[in-house]
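Following: one structure in structure tokens, then a few remarks.
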Amino acid sequence: MHWRYMLYVVGCLIVFFGLTMLVPLVAGIIYQDNSIQSISYAMLLTIASGLGLFFLFRRARASYISQREGMAIVAVGWSAIGLFGALPFYLNGSEWYLVDALFESVSGFTTTGASIVDDIEALPKGLLLWRSFIQWLGGMGIIVLSIAILPFLGVGGMQLYKAEVPSPVPDKLKPRIRDTAMILWKVYAIFTAAEVLLLMVGGMGFFDALCHAFTTMPTGGFSTQNGSIAQYNSIYYDIVIILFMILAGINFSLHYQLLRGKPLVFWKDPECRFFLAVTLAFTAIVSWDCWGVVFPNLGQSIRYGAFQVVSILTTTGFATYDYEQWPAMSQLILLLCMFLGASAGSTGGGMKCLRIMLCFKFCYKELFSMVHPRAVTTIKLGGQTVSEDVMRSVLGFLALYMGLFGISTVLLAAVGVDFVTALGAVAACIGNIGPGFGIVGPVGNYADIPYLGKWLLIWCMLLGRLEIFTMLILLVPEFWRK
Amino acid sequence: MVSVCAVAKAVGVYKGTITLKIVIVGAGEVGYHIASRLALENKDVLVIDSDAAAIRRVSDNIDVQTVIGSGSSPMVLEEAGIKEADILLAVTNSDEANLVACLVANMLSPSTKKLARIRAADFDNFHNAFRDKAPHIETVINPEIEVVKTIERLMRVPGAVDVGEFADGQIKFVGIYLEKESMLAGTRLSDMSRHIGGKRLLIAAVVREEEVIIPRGQDKLMGGDLIYFISEEERLLETLSIFNKHAEPVKRVLIIGGGRIGYRLAIKLEAQSIYCKIVEKSADRCAVLAEKLNKTVVLHGDGSDQGLLSEENIGDIDVVITLTNDEETNILSSLLAMRMGAGKAITKISKFSYFPLMTAIGIEQVVSPRLSAINSILQHIRRGKVLSAISLKGEQAEALEVVALETSEIVAKPLRRIHFPKGSMVAGIIRQSHIIIPTGDSIIEPGDRVIIFAQRKAVNGIEKILAVKLEYF
């Protein structure tokens, strides 16, 4: 393993990340709030640490990065960025404990959107923007951004890309990885700008529009309001945000093809069809289930039902209604949505529609070959045969996901969290959603989870965002063996 | 600050060049190595192969785009963006697949330049027809013809481990090992003329411990170095005498392996009235060879069979050439023949991973059809008017022969005022079949042929100063 080179790359990442703190700093200066000091200290500290690593290992060079080195860089890089991202919170005041600051920061980067802040509106604007901005950076991936911008990451860029992008089979849109990363970020930035504009047309102020766009496109879910989107109580905002949540939940390479003038790509892609069909079906079921029980008329039922289904399915986690007051079936559908997640290659979390589809196909194939023991069958998706390797990694992922979910709920209950909350919190964190059930439901937050539980959930969020393998491999002894 | 400058420069380079888009059909050894070379030079490369495992090897190790599918399928080619591609390289193992790929590409995108590897001798007379008629293949690459040429050159230049040609053979480019006891070992380049009297020696590159060095006056030569020098054809023997290598005429040759290359070589040798024997394992193939060849002695047997070799007086053979399809057999037969007293051995090796081992084993003269194919392909991919491109051992550097265009940056000013990228040098200027050894004050005139040595990282920069904005894009 090229340890020195890996630390050099992580050093570069940290310096680069430190520079992004300029964004909230500018906001703090404009609004003249008390976040200026903590953000500027955090920025100096981050850049200094990064430069330290950079200069210490600047002579290290590698002509080649193996897959496991790529995974290690991404895992270590994300952990470091989570830590440094917590500094602006931690340095802001004595009410921030380290674990709380870290929880807020990791929850931001992993686009989970779980918060420990009771009174969000009381936070200074600089920190509010920082919360939203780190979600935006984490959504498309700070490493993908670095590949696009920093040319010297060209060596092994593909390995880093594979380790960060949430997809079992990452697409390469252009021959060179740097161009691919650039395109993804451009599409992402264009959509974000469009959402800011549309929200402002509806009357939202620039600061709030920017913060909400920064958290919708990465399917993050942090809001600047205590009551999330419900506080605005506006059909227009609900519709705009539903639309952009759906866009964010679709594979970004499809968006690229759409922008290049192929209007039918959403329909031609089997995963996208599946994702849209599930969205429609679940919305219909939830709306019908709540109609007459919670909401007196159908229109309201569809409005809140659709928003909540899309918000949870895409793993965003905005709330317009307290879904814990809905009938049991609707709540269970939302729980299913937490596991299902968005499309592969999108900014959403969860298990991803692609994997679920492949799993169904695999199960069907098994049943089929029991009826026809001599049949030769392959698993196909959109006319393309899915290779054994991909299938194996998909099944391994699903098994690990469920296994880690089970272990984590038991551990969380062991530190004194109740049954429903434990289930909801772990599902919401490992799927990068945000609100769960029980005390961490849409009207509650994570402030009352015991400290040990918060550490556990921080780990779950990182596991979910980096698609389990990248994080988990650090725990495998074989990985460290020379 | 240094790194900031480097970043800015790299960004500049990255944005400044209009990238060439190249589609490669076939992810075999040739396709793989061409792709990795071009990807390092920041070209847009896309590789097509129907074998998922081969494609995986490419996408895991090289920064290129990949498509799984048959390269002769119109759908696959279209998906690969053949319409925007500047060059199509068809280098699968099958001649037919390569031809069809070019044919289909020609229908989809006539403007794309097509290169194909076609090996069967049956097509030899049709290379021009392929260019002028339907598939419009710009150049047919036949590595076997190239390999035969290389073998002939190696046979003629004593002691050489690598021989290339520039200016239609008038200029030779020779790689030779410097022996430890040679009088040149330990001398500085600047003191060289004292040691060799009035003779001329233009050293272009030195390979030391797998590292290519472009030497300057201060650098010393060491025993064991692989030295590349440039010389006119008529002075070659004189130059070689500096290295204590003297020409001994080749009279008797033993070829082990009577495949396509062996057959082609035998025909050439017959024409030069060199006594030639071929050892071939397959009885059927022996019958065919005996039928087709007139003077050559065809022997049925195993090239690594000691009894057979001594029976055929291996000690009197000047050159043994091992050309079977099995790498390990070639290596062992060569070693065995040398041990038994043969003059020298030329070994065919295709696997690139074996090259670094060869010196350690004691095999110096190696030919590789794949490396030959890569060299001929590179020549056609380089921008500007490139006449030939030769990669040095280990692929770390390249020697290019280019025509200086009137509008390019390199003409009409002294060399020292031209900004050559780091790791490159002008090794020679050929003006009306005279070779000029350049100094800082030399001026390149339009129409001159210039020989440039460049390390791999400098190739992109070289291309930039050679290619004129108006010439290609």
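For the structure tokens, the naming scheme is as follows: chains receive sequential letters (A, B, ...) according to their order of presentation, residues are indexed from 1 within each chain, and ligands are indexed from 1 in presentation order.
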Provide as a VMD selection string the residues of chain B at most 6 Å from chain A, counting only C-alpha atoms. chain B and resid 44 to 45 63 to 65
With C-alpha atoms retained, export the selected residues as a PDB file, in the first residue's frame.
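Result went into selection29.pdb, see below:
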```pdb
ATOM      1  CA  ASP B  44     -10.158  10.327 -25.468  1.00  0.00           C
ATOM      2  CA  VAL B  45     -10.056   6.565 -25.836  1.00  0.00           C
ATOM      3  CA  ASP B  63      -8.667   5.690 -17.611  1.00  0.00           C
ATOM      4  CA  VAL B  64     -10.665   4.996 -20.756  1.00  0.00           C
ATOM      5  CA  GLN B  65     -14.286   4.330 -21.594  1.00  0.00           C
TER       6      GLN B  65
END
```
Might you pull out every residue within 8 Å of range 281-283 of chain B, with only C-alpha atoms counted and same-chain residues fewer than 2 positions away left off, and present them as a VMD selection string? chain B and resid 257 279 285 to 287 300 to 303
Quick one, how far is CA of Gly77 in chain A from CA of His212 in chain A?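 CA of Gly77 in chain A sits 26.2 Å away from CA of His212 in chain A.
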Any idea what's packed within 12 Å of Gly126 in chain A, counting only C-alpha atoms, ignoring anything in its chain fewer than 3 positions away? Could you give it as a VMD selection string? chain A and resid 21 to 40 88 to 89 92 121 to 123 129 to 133 207 211 224
Looking only at alpha helix (DSSP H) from DSSP on the backbone, list the matching residues of range 210-424 of chain B as a PyMOL selection string. chain B and resi 236-242+260-271+283-292+306-311+327-339+355-361+369-381
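Close contacts of Val140 in chain B, defined as residues with an atom at most 7 Å away when counting only C-alpha atoms, with chain neighbours fewer than 2 positions off set aside, comprise Leu115, Ala116, Arg117, Ile118, His127, Ile137, Glu138 and Asn142 of chain B.
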Keeping only C-alpha atoms, write the selected residues as a CSV table (one decimal), in the first residue's frame.
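Below is the file selection-v7.csv, written as the result:
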```csv
chain,number,residue,atom,x,y,z
B,115,LEU,CA,-6.4,1.5,-39.2
B,116,ALA,CA,-6.6,-2.3,-39.2
B,117,ARG,CA,-4.3,-5.1,-38.2
B,118,ILE,CA,-4.4,-7.8,-40.9
B,127,HIS,CA,-3.5,-3.5,-48.9
B,137,ILE,CA,-8.6,1.5,-44.5
B,138,GLU,CA,-6.0,4.2,-44.3
B,142,ASN,CA,0.8,-6.2,-40.7
```
Identify, on the basis of only C-alpha atoms, every residue whose closest approach to range 438-445 of chain B does not exceed 10 Å; exclude the query and any residue fewer than 3 positions from it along the same chain; express the result as number ranges by chain. B: 202, 403-406, 410-418, 425-431, 435, 448-450
Could you save those same residues with C-alpha atoms as a PDB file, in the first residue's frame?
```
ATOM      1  CA  LEU B 202      25.528  10.642 -31.541  1.00  0.00           C
ATOM      2  CA  VAL B 403       8.697  16.640 -41.166  1.00  0.00           C
ATOM      3  CA  ALA B 404       9.171  20.230 -40.048  1.00  0.00           C
ATOM      4  CA  LEU B 405       6.225  22.132 -41.421  1.00  0.00           C
ATOM      5  CA  GLU B 406       6.647  25.699 -42.510  1.00  0.00           C
ATOM      6  CA  ILE B 410      10.063  24.634 -34.560  1.00  0.00           C
ATOM      7  CA  VAL B 411      11.289  26.178 -37.816  1.00  0.00           C
ATOM      8  CA  ALA B 412      13.286  29.298 -38.552  1.00  0.00           C
ATOM      9  CA  LYS B 413      14.741  29.911 -35.140  1.00  0.00           C
ATOM     10  CA  PRO B 414      17.719  28.534 -33.233  1.00  0.00           C
ATOM     11  CA  LEU B 415      16.921  25.370 -31.293  1.00  0.00           C
ATOM     12  CA  ARG B 416      17.721  26.896 -27.950  1.00  0.00           C
ATOM     13  CA  ARG B 417      14.918  29.421 -28.393  1.00  0.00           C
ATOM     14  CA  ILE B 418      12.322  26.719 -28.950  1.00  0.00           C
ATOM     15  CA  MET B 425      15.526  16.496 -27.342  1.00  0.00           C
ATOM     16  CA  VAL B 426      16.235  16.864 -31.022  1.00  0.00           C
ATOM     17  CA  ALA B 427      18.598  14.028 -31.820  1.00  0.00           C
ATOM     18  CA  GLY B 428      19.200  14.772 -35.441  1.00  0.00           C
ATOM     19  CA  ILE B 429      18.176  16.869 -38.398  1.00  0.00           C
ATOM     20  CA  ILE B 430      18.122  15.264 -41.818  1.00  0.00           C
ATOM     21  CA  ARG B 431      18.511  17.661 -44.704  1.00  0.00           C
ATOM     22  CA  ILE B 435      22.452  14.074 -40.994  1.00  0.00           C
ATOM     23  CA  ASP B 448      13.741  19.052 -42.913  1.00  0.00           C
ATOM     24  CA  ARG B 449      13.180  15.736 -41.276  1.00  0.00           C
ATOM     25  CA  VAL B 450      13.721  15.979 -37.570  1.00  0.00           C
TER      26      VAL B 450
END
```
May I have the residues within 9 Å of Tyr451 in chain A as a CSV table (one decimal) with C-alpha atoms, in the first residue's frame, using only C-alpha atoms and disregarding those fewer than 3 positions away in the same chain?
```csv
chain,number,residue,atom,x,y,z
A,99,VAL,CA,-20.4,14.2,19.4
A,100,ASP,CA,-23.2,16.6,18.6
A,415,VAL,CA,-28.0,1.9,25.1
A,448,ASP,CA,-32.3,12.9,23.1
A,454,LYS,CA,-25.1,8.9,18.4
A,455,TRP,CA,-21.6,7.5,17.7
A,456,LEU,CA,-23.3,4.3,16.5
```
Give me every strand (DSSP E) residue in range 163-253 of chain B, going by DSSP on the backbone, as a VMD selection string. chain B and resid 163 to 166 171 to 177 202 to 208 211 to 213 226 to 232 252 to 253
Kindly export the residues of the current selection with N, CA and C atoms, as a compact mmCIF listing (two decimals), in the first residue's frame.
```
# COMPACT_ATOMS: atom_id res chain seq x y z
N VAL B 163 17.04 -2.16 -33.48
CA VAL B 163 17.43 -1.38 -34.65
C VAL B 163 16.19 -0.78 -35.27
N GLY B 164 16.20 0.51 -35.45
CA GLY B 164 15.10 1.18 -36.12
C GLY B 164 15.64 1.94 -37.31
N GLU B 165 14.73 2.39 -38.16
CA GLU B 165 15.17 3.10 -39.35
C GLU B 165 14.44 4.42 -39.48
N PHE B 166 15.18 5.42 -39.93
CA PHE B 166 14.54 6.67 -40.29
C PHE B 166 14.95 6.99 -41.72
N ILE B 171 19.09 6.38 -42.34
CA ILE B 171 19.53 6.64 -40.99
C ILE B 171 19.13 5.46 -40.12
N LYS B 172 20.09 4.94 -39.37
CA LYS B 172 19.76 3.83 -38.48
C LYS B 172 19.75 4.32 -37.05
N PHE B 173 18.93 3.67 -36.31
CA PHE B 173 18.76 4.05 -34.92
C PHE B 173 19.00 2.76 -34.14
N VAL B 174 20.11 2.66 -33.41
CA VAL B 174 20.56 1.38 -32.90
C VAL B 174 20.67 1.40 -31.39
N GLY B 175 20.19 0.35 -30.76
CA GLY B 175 20.35 0.18 -29.31
C GLY B 175 21.37 -0.91 -29.06
N ILE B 176 22.33 -0.65 -28.19
CA ILE B 176 23.41 -1.61 -27.98
C ILE B 176 23.82 -1.57 -26.53
N TYR B 177 24.18 -2.73 -25.96
CA TYR B 177 24.64 -2.74 -24.57
C TYR B 177 26.11 -2.36 -24.49
N LEU B 202 26.60 9.77 -32.02
CA LEU B 202 25.53 10.64 -31.54
C LEU B 202 24.62 9.82 -30.64
N ILE B 203 24.81 9.99 -29.33
CA ILE B 203 24.02 9.20 -28.39
C ILE B 203 22.73 9.93 -28.09
N ALA B 204 21.61 9.25 -28.30
CA ALA B 204 20.32 9.91 -28.14
C ALA B 204 19.67 9.59 -26.81
N ALA B 205 19.89 8.37 -26.33
CA ALA B 205 19.24 8.01 -25.08
C ALA B 205 20.00 6.87 -24.43
N VAL B 206 19.89 6.79 -23.13
CA VAL B 206 20.54 5.73 -22.38
C VAL B 206 19.49 5.09 -21.48
N VAL B 207 19.43 3.76 -21.49
CA VAL B 207 18.50 3.08 -20.57
C VAL B 207 19.34 2.45 -19.47
N ARG B 208 19.12 2.90 -18.25
CA ARG B 208 19.88 2.39 -17.12
C ARG B 208 18.90 1.97 -16.04
N GLU B 211 15.30 2.73 -16.62
CA GLU B 211 14.96 4.15 -16.59
C GLU B 211 15.54 4.77 -17.86
N VAL B 212 14.73 5.52 -18.62
CA VAL B 212 15.27 6.15 -19.82
C VAL B 212 15.85 7.51 -19.48
N ILE B 213 17.09 7.73 -19.87
CA ILE B 213 17.74 9.01 -19.58
C ILE B 213 18.06 9.67 -20.92
N LEU B 226 22.18 0.43 -21.70
CA LEU B 226 21.69 0.21 -23.06
C LEU B 226 21.74 1.56 -23.75
N ILE B 227 22.57 1.68 -24.77
CA ILE B 227 22.79 2.98 -25.40
C ILE B 227 22.09 3.02 -26.75
N TYR B 228 21.36 4.07 -26.98
CA TYR B 228 20.73 4.26 -28.29
C TYR B 228 21.49 5.34 -29.04
N PHE B 229 21.97 5.03 -30.23
CA PHE B 229 22.64 6.07 -31.02
C PHE B 229 22.07 6.11 -32.42
N ILE B 230 22.38 7.20 -33.09
CA ILE B 230 21.88 7.41 -34.45
C ILE B 230 23.06 7.49 -35.39
N SER B 231 22.93 6.87 -36.53
CA SER B 231 24.06 6.86 -37.45
C SER B 231 23.55 6.74 -38.88
N GLU B 232 24.34 7.31 -39.82
CA GLU B 232 24.01 7.11 -41.22
C GLU B 232 24.32 5.66 -41.57
N ARG B 252 24.75 -18.92 -42.15
CA ARG B 252 23.86 -20.04 -41.82
C ARG B 252 22.86 -19.62 -40.74
N VAL B 253 21.58 -19.90 -41.02
CA VAL B 253 20.52 -19.49 -40.09
C VAL B 253 19.66 -20.69 -39.77
```
Which residues are near Lys292 in chain B? Cut-off 12 Å, only C-alpha atoms, ignore same chain within fewer than 2 positions. Put them as a list of chain:residue names. B:Gly258, B:Tyr263, B:Arg264, B:Ala266, B:Ile267, B:Glu270, B:Arg285, B:Cys286, B:Ala287, B:Val288, B:Leu289, B:Ala290, B:Asn294, B:Lys295, B:Thr296, B:Val297, B:Val298
